[in-house]
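**Student:** File run.txt follows (compact mmCIF, C-alpha atoms):
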```txt
# COMPACT_ATOMS: atom_id res chain seq x y z
CA MET O 813 -10.14 52.14 -23.63
CA ASP O 814 -7.38 54.68 -22.98
CA ILE O 815 -3.82 53.40 -23.34
CA PRO O 816 -1.66 54.73 -20.49
CA LYS O 817 0.99 57.27 -21.49
CA PHE O 818 3.81 54.98 -20.36
CA LEU O 819 2.83 52.56 -23.13
CA THR O 820 2.74 55.06 -25.97
CA ASN O 821 6.35 54.45 -26.97
CA GLU O 822 5.07 51.49 -29.01
CA THR O 823 1.85 51.35 -30.97
CA PHE O 824 -0.47 48.41 -30.58
CA GLU O 825 0.05 47.61 -34.26
CA ASP O 826 3.82 47.37 -33.71
CA TYR O 827 3.28 45.22 -30.63
CA LEU O 828 0.87 42.96 -32.52
CA ALA O 829 3.41 42.53 -35.31
CA ARG O 830 5.82 41.08 -32.71
CA TRP O 831 3.15 38.78 -31.23
CA PRO O 832 4.36 35.13 -31.22
CA LYS O 833 2.93 33.01 -34.04
CA ASP O 834 2.36 30.10 -31.65
CA LEU O 835 -0.15 32.32 -29.81
CA ALA O 836 -2.19 33.15 -32.93
CA HIS O 837 -5.29 31.66 -31.25
CA VAL O 838 -5.40 34.56 -28.76
CA PRO O 839 -7.99 37.07 -30.02
CA GLU O 840 -6.67 40.51 -30.96
CA ASP O 841 -9.14 42.06 -28.53
CA VAL O 842 -7.64 40.04 -25.67
CA ILE O 843 -4.09 40.89 -26.70
CA LYS O 844 -4.89 44.60 -26.78
CA ASN O 845 -6.96 44.90 -23.60
CA TRP O 846 -5.23 42.33 -21.42
CA VAL O 847 -1.65 41.86 -22.54
CA PHE O 848 -0.76 45.17 -24.22
CA TYR O 849 -2.79 47.49 -22.05
CA HIS O 850 -1.52 45.79 -18.87
CA ASN O 851 2.06 45.39 -20.02
CA GLU O 852 3.09 43.95 -16.66
CA PHE O 853 1.20 40.80 -17.68
CA VAL O 854 4.06 39.23 -19.61
CA ARG O 855 6.73 40.46 -17.21
CA ASP O 856 5.00 39.46 -13.98
CA HIS O 857 2.39 36.81 -14.72
CA SER O 858 3.31 34.81 -17.78
CA ASP O 859 4.14 31.79 -15.59
CA LEU O 860 0.60 31.85 -14.19
CA TYR O 861 -1.17 32.20 -17.52
CA CYS O 862 0.43 29.98 -20.14
CA LEU O 863 -1.55 31.41 -23.04
CA GLU O 864 -0.72 28.49 -25.29
CA ASN O 865 -2.85 26.27 -23.02
CA TRP O 866 -5.93 28.48 -22.94
CA SER O 867 -8.88 28.79 -25.29
CA PHE O 868 -10.94 31.95 -25.71
CA GLU O 869 -14.65 32.21 -26.44
CA LEU O 870 -16.66 35.41 -26.77
CA LYS O 871 -20.02 35.07 -25.00
CA ASP O 872 -22.87 37.28 -23.90
CA PHE O 873 -23.49 37.39 -20.16
CA SER O 874 -26.62 38.83 -18.61
CA THR O 875 -26.23 41.55 -16.00
CA GLU O 876 -27.13 38.91 -13.40
CA GLU O 877 -24.31 36.67 -14.65
CA ILE O 878 -21.89 39.62 -14.48
CA LEU O 879 -22.89 40.16 -10.85
CA GLU O 880 -22.06 36.51 -10.09
CA ILE O 881 -18.47 36.71 -11.38
CA LYS O 882 -16.15 35.97 -8.49
CA HIS O 883 -12.98 37.48 -7.11
CA TYR O 884 -11.38 37.88 -3.70
CA ASP O 885 -13.39 39.88 -1.13
CA SER O 886 -11.07 42.90 -1.19
CA GLU O 887 -11.46 43.16 -4.97
CA ILE O 888 -15.25 42.98 -4.78
CA LYS O 889 -15.24 45.77 -2.19
CA HIS O 890 -13.10 47.80 -4.59
CA TRP O 891 -15.53 47.12 -7.45
CA ASP O 892 -18.43 48.34 -5.34
CA HIS O 893 -16.51 51.49 -4.34
CA ILE O 894 -15.78 52.25 -8.02
CA GLY O 895 -19.42 51.65 -8.95
CA ASN O 896 -20.58 54.03 -6.23
CA GLU O 897 -18.11 56.70 -7.40
CA LEU O 898 -19.42 56.38 -10.95
CA MET O 899 -23.03 56.76 -9.87
CA LYS O 900 -22.15 59.81 -7.74
CA GLY O 901 -20.74 61.51 -10.86
CA ARG O 902 -17.15 61.44 -9.62
CA MET O 903 -15.56 60.18 -12.83
CA PRO O 904 -15.96 63.03 -15.34
CA GLY O 905 -13.59 62.88 -18.29
CA TYR O 906 -12.84 59.18 -17.80
CA ASP O 907 -13.68 57.72 -21.21
CA THR O 908 -14.60 54.21 -20.02
CA ALA O 909 -17.00 55.63 -17.42
CA GLU O 910 -18.54 58.00 -19.94
CA TYR O 911 -18.92 55.23 -22.52
CA MET O 912 -20.62 52.95 -20.01
CA LEU O 913 -22.99 55.65 -18.77
CA GLU O 914 -23.98 56.43 -22.36
CA ASN O 915 -24.17 52.84 -23.66
CA GLY O 916 -24.98 50.79 -20.55
CA THR O 917 -22.35 48.17 -21.27
CA PHE O 918 -18.60 47.65 -21.69
CA PRO O 919 -16.56 49.43 -24.40
CA CYS O 920 -14.64 46.15 -24.76
CA PRO O 921 -15.33 42.71 -23.28
CA ILE O 922 -14.09 41.81 -19.82
CA ILE O 923 -12.11 38.58 -19.45
CA VAL O 924 -13.05 35.78 -17.06
CA ALA O 925 -11.47 32.41 -16.35
CA HIS O 926 -13.88 29.48 -16.37
CA ASN O 927 -13.37 26.62 -13.89
CA ALA O 928 -9.76 27.63 -13.24
CA GLY O 929 -9.70 26.75 -9.54
CA SER O 930 -6.34 25.01 -9.82
CA PHE O 931 -4.66 28.21 -11.06
CA LYS O 932 -3.41 31.24 -9.20
CA HIS O 933 -4.60 34.72 -10.11
CA ALA O 934 -2.19 37.65 -10.40
CA LYS O 935 -3.63 38.91 -7.08
CA SER O 936 -3.60 35.53 -5.32
CA LEU O 937 -2.02 35.34 -1.92
CA VAL O 938 -0.17 32.25 -0.73
CA GLY O 939 -2.52 29.30 -0.95
CA GLU O 940 -5.20 31.18 -2.91
CA PHE O 941 -6.50 29.99 -6.23
CA MET O 942 -9.06 31.33 -8.66
CA LEU O 943 -12.68 30.91 -7.69
CA GLU O 944 -15.20 28.98 -9.75
CA PRO O 945 -17.11 28.92 -11.94
CA TYR O 946 -16.04 32.37 -13.23
CA HIS O 947 -13.16 34.45 -11.85
CA LEU O 948 -12.46 37.91 -13.26
CA ILE O 949 -9.08 38.26 -14.90
CA GLU O 950 -9.39 41.67 -16.57
CA GLY O 951 -12.01 44.41 -16.29
CA ASN O 952 -12.21 45.39 -12.60
CA ARG O 953 -13.43 48.95 -13.22
CA ARG O 954 -15.92 47.89 -15.86
CA VAL O 955 -17.43 45.24 -13.57
CA GLY O 956 -17.54 47.82 -10.77
CA PHE O 957 -19.39 50.22 -13.05
CA ILE O 958 -21.96 47.53 -13.98
CA ARG O 959 -22.43 46.71 -10.29
CA GLY O 960 -23.00 50.39 -9.48
CA MET O 961 -25.38 50.89 -12.39
CA ASN O 962 -27.36 47.80 -11.40
CA LYS O 963 -27.50 48.74 -7.71
CA ASN O 964 -28.83 52.19 -8.62
CA GLY O 965 -31.33 51.01 -11.24
CA TYR O 966 -29.55 52.92 -13.99
CA PRO O 967 -32.04 53.08 -16.89
CA LYS O 968 -29.45 52.68 -19.69
CA LEU O 969 -27.99 49.46 -18.23
CA GLN O 970 -28.16 46.84 -20.97
CA PRO O 971 -29.41 43.31 -20.26
CA LYS O 972 -26.40 41.63 -22.02
CA HIS O 973 -22.64 42.26 -22.02
CA SER O 974 -19.77 40.75 -24.06
CA VAL O 975 -17.31 38.63 -22.09
CA TRP O 976 -14.22 36.70 -23.14
CA VAL O 977 -14.31 33.33 -21.39
CA VAL O 978 -10.90 31.75 -20.96
CA ALA O 979 -10.64 28.01 -20.37
CA ILE O 980 -7.96 25.33 -20.35
CA LYS O 981 -7.73 23.60 -23.72
CA THR O 982 -8.76 19.97 -23.48
```
Using structure tokens, write down the structure that the file contains.
**Tutor:**
Amino acid sequence: MDIPKFLTNETFEDYLARWPKDLAHVPEDVIKNWVFYHNEFVRDHSDLYCLENWSFELKDFSTEEILEIKHYDSEIKHWDHIGNELMKGRMPGYDTAEYMLENGTFPCPIIVAHNAGSFKHAKSLVGEFMLEPYHLIEGNRRVGFIRGMNKNGYPKLQPKHSVWVVAIKT
């Protein structure tokens, strides 16, 4: 996944070296693709996602399970728009799109919250909470691409995809 130019003043390795020891349970993949890549996470949303209280499990989801991941209606419309743009060939040079067209799956796992209906999402409006059983946290474009590939019967679409499932520690 491309790292935006505004983040290149610090390498991921340097960032990881500063990562708090009490959050050692957070997988490096999640740190890189959720926290580091979306650097506004810590600044804007750390109150919503107390990482010390979450567990992470890497699972395989079928394409059908990916299609059932929930989000707010406006986000799902956006996913479908992105998927249509991909299938119309309007994303040349975009490495994630090219990877997915070639490999039929994600270059890195998406992240979903499991049964987190008592928590707000970064895009929640007043009174909105995450939807259950699975609400997408990170990977909007990638889910949109899978939706577009599925809708268009893309022959390279893989039957399984890696997903980080985030849940409240019990």
**Student:** Give the answer as one residue: which of O:Leu828, O:Ile958, O:Val842, O:Met912 has the shortest atom-to-atom distance to Phe873 of chain O, using all atoms listed in the file?
**Tutor:**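 Selected residue with least distance to Phe873 of chain O: O:Ile958.
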**Student:** For Glu950 of chain O, which residue out of O:Ile894, O:Ile881, O:Leu913, O:Ile923 is the nearest one, using all atoms listed in the file?
**Tutor:** O:Ile923
**Student:** Using all atoms listed in the file, which of the listed residues (O:Glu880, O:Glu825, O:Glu887, O:Asp872) sits closest to Thr917 of chain O?
**Tutor:** O:Asp872
**Student:** Rounded to one decimal place, report the atom CA of His850 of chain O-atom CA of Gly939 of chain O distance in Å.
**Tutor:**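 Going from atom CA of His850 of chain O over to atom CA of Gly939 of chain O, I get 24.4 Å.
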**Student:** Could you check the closest approach to Asn952 of chain O for each of O:Thr875, O:Asp841, O:Glu864, O:Asp892 and tell me which residue wins, using only C-alpha atoms?
**Tutor:**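 Going through O:Thr875, O:Asp841, O:Glu864, O:Asp892 one by one, the smallest distance to Asn952 of chain O is for O:Asp892.
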**Student:** Go ahead and find all residues with at least one atom no further than 10 Å from (-8.7, 31.0, -24.3) in the file's coordinates, using only C-alpha atoms; report them as a list in words.
**Tutor:**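 Output of the proximity query reads His837, Val838, Pro839, Val842, Leu863, Glu864, Asn865, Trp866, Ser867, Phe868, Glu869, Leu870, Ile923, Val924, Ala925, His926, Trp976, Val977, Val978, Ala979, Ile980 and Lys981 of chain O.
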**Student:** Emit the selected residues as a short mmCIF file (atom, residue, chain, number, x, y, z; two decimals), in the frame of the given file, including C-alpha atoms.
**Tutor:**
```cif
data_model
loop_
_atom_site.label_atom_id
_atom_site.label_comp_id
_atom_site.auth_asym_id
_atom_site.auth_seq_id
_atom_site.Cartn_x
_atom_site.Cartn_y
_atom_site.Cartn_z
CA HIS O 837 -5.29 31.66 -31.25
CA VAL O 838 -5.40 34.56 -28.76
CA PRO O 839 -7.99 37.07 -30.02
CA VAL O 842 -7.64 40.04 -25.67
CA LEU O 863 -1.55 31.41 -23.04
CA GLU O 864 -0.72 28.49 -25.29
CA ASN O 865 -2.85 26.27 -23.02
CA TRP O 866 -5.93 28.48 -22.94
CA SER O 867 -8.88 28.79 -25.29
CA PHE O 868 -10.94 31.95 -25.71
CA GLU O 869 -14.65 32.21 -26.44
CA LEU O 870 -16.66 35.41 -26.77
CA ILE O 923 -12.11 38.58 -19.45
CA VAL O 924 -13.05 35.78 -17.06
CA ALA O 925 -11.47 32.41 -16.35
CA HIS O 926 -13.88 29.48 -16.37
CA TRP O 976 -14.22 36.70 -23.14
CA VAL O 977 -14.31 33.33 -21.39
CA VAL O 978 -10.90 31.75 -20.96
CA ALA O 979 -10.64 28.01 -20.37
CA ILE O 980 -7.96 25.33 -20.35
CA LYS O 981 -7.73 23.60 -23.72
#
```
**Student:** Can you take the partial segment 864-875 of chain O, add all heavy atoms, and return it as a compact mmCIF listing (two decimals), in the frame of the given file?
**Tutor:**
```txt
# COMPACT_ATOMS: atom_id res chain seq x y z
N GLU O 864 -0.63 29.56 -24.31
CA GLU O 864 -0.72 28.49 -25.29
C GLU O 864 -1.67 27.38 -24.84
O GLU O 864 -2.15 26.60 -25.66
CB GLU O 864 0.67 27.91 -25.64
CG GLU O 864 1.40 27.27 -24.49
CD GLU O 864 2.22 28.25 -23.64
OE1 GLU O 864 2.16 29.47 -23.87
OE2 GLU O 864 2.92 27.77 -22.74
N ASN O 865 -1.97 27.31 -23.55
CA ASN O 865 -2.85 26.27 -23.02
C ASN O 865 -4.29 26.72 -22.81
O ASN O 865 -5.10 25.96 -22.30
CB ASN O 865 -2.31 25.76 -21.68
CG ASN O 865 -0.94 25.12 -21.83
OD1 ASN O 865 -0.65 24.51 -22.85
ND2 ASN O 865 -0.10 25.30 -20.84
N TRP O 866 -4.59 27.95 -23.18
CA TRP O 866 -5.93 28.48 -22.94
C TRP O 866 -6.69 28.67 -24.24
O TRP O 866 -6.11 28.98 -25.27
CB TRP O 866 -5.84 29.82 -22.21
CG TRP O 866 -5.31 29.70 -20.82
CD1 TRP O 866 -4.00 29.68 -20.44
CD2 TRP O 866 -6.06 29.57 -19.62
NE1 TRP O 866 -3.90 29.54 -19.07
CE2 TRP O 866 -5.15 29.48 -18.54
CE3 TRP O 866 -7.43 29.53 -19.35
CZ2 TRP O 866 -5.57 29.34 -17.22
CZ3 TRP O 866 -7.84 29.40 -18.02
CH2 TRP O 866 -6.91 29.30 -16.98
N SER O 867 -8.00 28.48 -24.16
CA SER O 867 -8.88 28.79 -25.29
C SER O 867 -9.70 30.02 -24.91
O SER O 867 -9.88 30.31 -23.73
CB SER O 867 -9.79 27.61 -25.61
OG SER O 867 -10.68 27.36 -24.53
N PHE O 868 -10.19 30.72 -25.92
CA PHE O 868 -10.94 31.95 -25.71
C PHE O 868 -12.25 31.88 -26.47
O PHE O 868 -12.25 31.55 -27.66
CB PHE O 868 -10.13 33.16 -26.21
CG PHE O 868 -8.82 33.33 -25.50
CD1 PHE O 868 -7.71 32.62 -25.89
CD2 PHE O 868 -8.71 34.19 -24.42
CE1 PHE O 868 -6.49 32.76 -25.23
CE2 PHE O 868 -7.51 34.34 -23.75
CZ PHE O 868 -6.40 33.63 -24.16
N GLU O 869 -13.35 32.19 -25.79
CA GLU O 869 -14.65 32.21 -26.44
C GLU O 869 -15.39 33.48 -26.04
O GLU O 869 -15.50 33.78 -24.85
CB GLU O 869 -15.46 30.98 -26.02
CG GLU O 869 -16.80 30.87 -26.70
CD GLU O 869 -17.56 29.61 -26.32
OE1 GLU O 869 -17.06 28.80 -25.52
OE2 GLU O 869 -18.68 29.46 -26.83
N LEU O 870 -15.90 34.20 -27.02
CA LEU O 870 -16.66 35.41 -26.77
C LEU O 870 -18.11 35.02 -26.54
O LEU O 870 -18.72 34.36 -27.38
CB LEU O 870 -16.54 36.38 -27.94
CG LEU O 870 -17.13 37.76 -27.73
CD1 LEU O 870 -16.43 38.50 -26.57
CD2 LEU O 870 -17.00 38.58 -29.01
N LYS O 871 -18.64 35.41 -25.36
CA LYS O 871 -20.02 35.07 -25.00
C LYS O 871 -20.73 36.33 -24.52
O LYS O 871 -20.09 37.31 -24.13
CB LYS O 871 -20.05 34.04 -23.86
CG LYS O 871 -19.52 32.68 -24.24
CD LYS O 871 -19.75 31.71 -23.11
CE LYS O 871 -19.35 30.30 -23.51
NZ LYS O 871 -19.68 29.32 -22.46
N ASP O 872 -22.05 36.25 -24.52
CA ASP O 872 -22.87 37.28 -23.90
C ASP O 872 -23.28 36.80 -22.52
O ASP O 872 -23.77 35.68 -22.37
CB ASP O 872 -24.13 37.56 -24.73
CG ASP O 872 -23.87 38.40 -25.95
OD1 ASP O 872 -22.86 39.14 -25.97
OD2 ASP O 872 -24.67 38.34 -26.89
N PHE O 873 -23.05 37.65 -21.52
CA PHE O 873 -23.49 37.39 -20.16
C PHE O 873 -24.61 38.38 -19.83
O PHE O 873 -24.52 39.55 -20.21
CB PHE O 873 -22.36 37.62 -19.15
CG PHE O 873 -21.42 36.46 -18.94
CD1 PHE O 873 -21.09 35.59 -19.96
CD2 PHE O 873 -20.86 36.26 -17.70
CE1 PHE O 873 -20.20 34.54 -19.75
CE2 PHE O 873 -19.97 35.22 -17.47
CZ PHE O 873 -19.64 34.35 -18.49
N SER O 874 -25.60 37.91 -19.11
CA SER O 874 -26.62 38.83 -18.61
C SER O 874 -26.02 39.66 -17.48
O SER O 874 -24.97 39.31 -16.92
CB SER O 874 -27.83 38.05 -18.09
OG SER O 874 -27.47 37.32 -16.92
N THR O 875 -26.69 40.74 -17.14
CA THR O 875 -26.23 41.55 -16.00
C THR O 875 -26.15 40.68 -14.76
O THR O 875 -25.20 40.77 -13.98
CB THR O 875 -27.16 42.76 -15.78
OG1 THR O 875 -27.07 43.60 -16.94
CG2 THR O 875 -26.76 43.55 -14.55
```
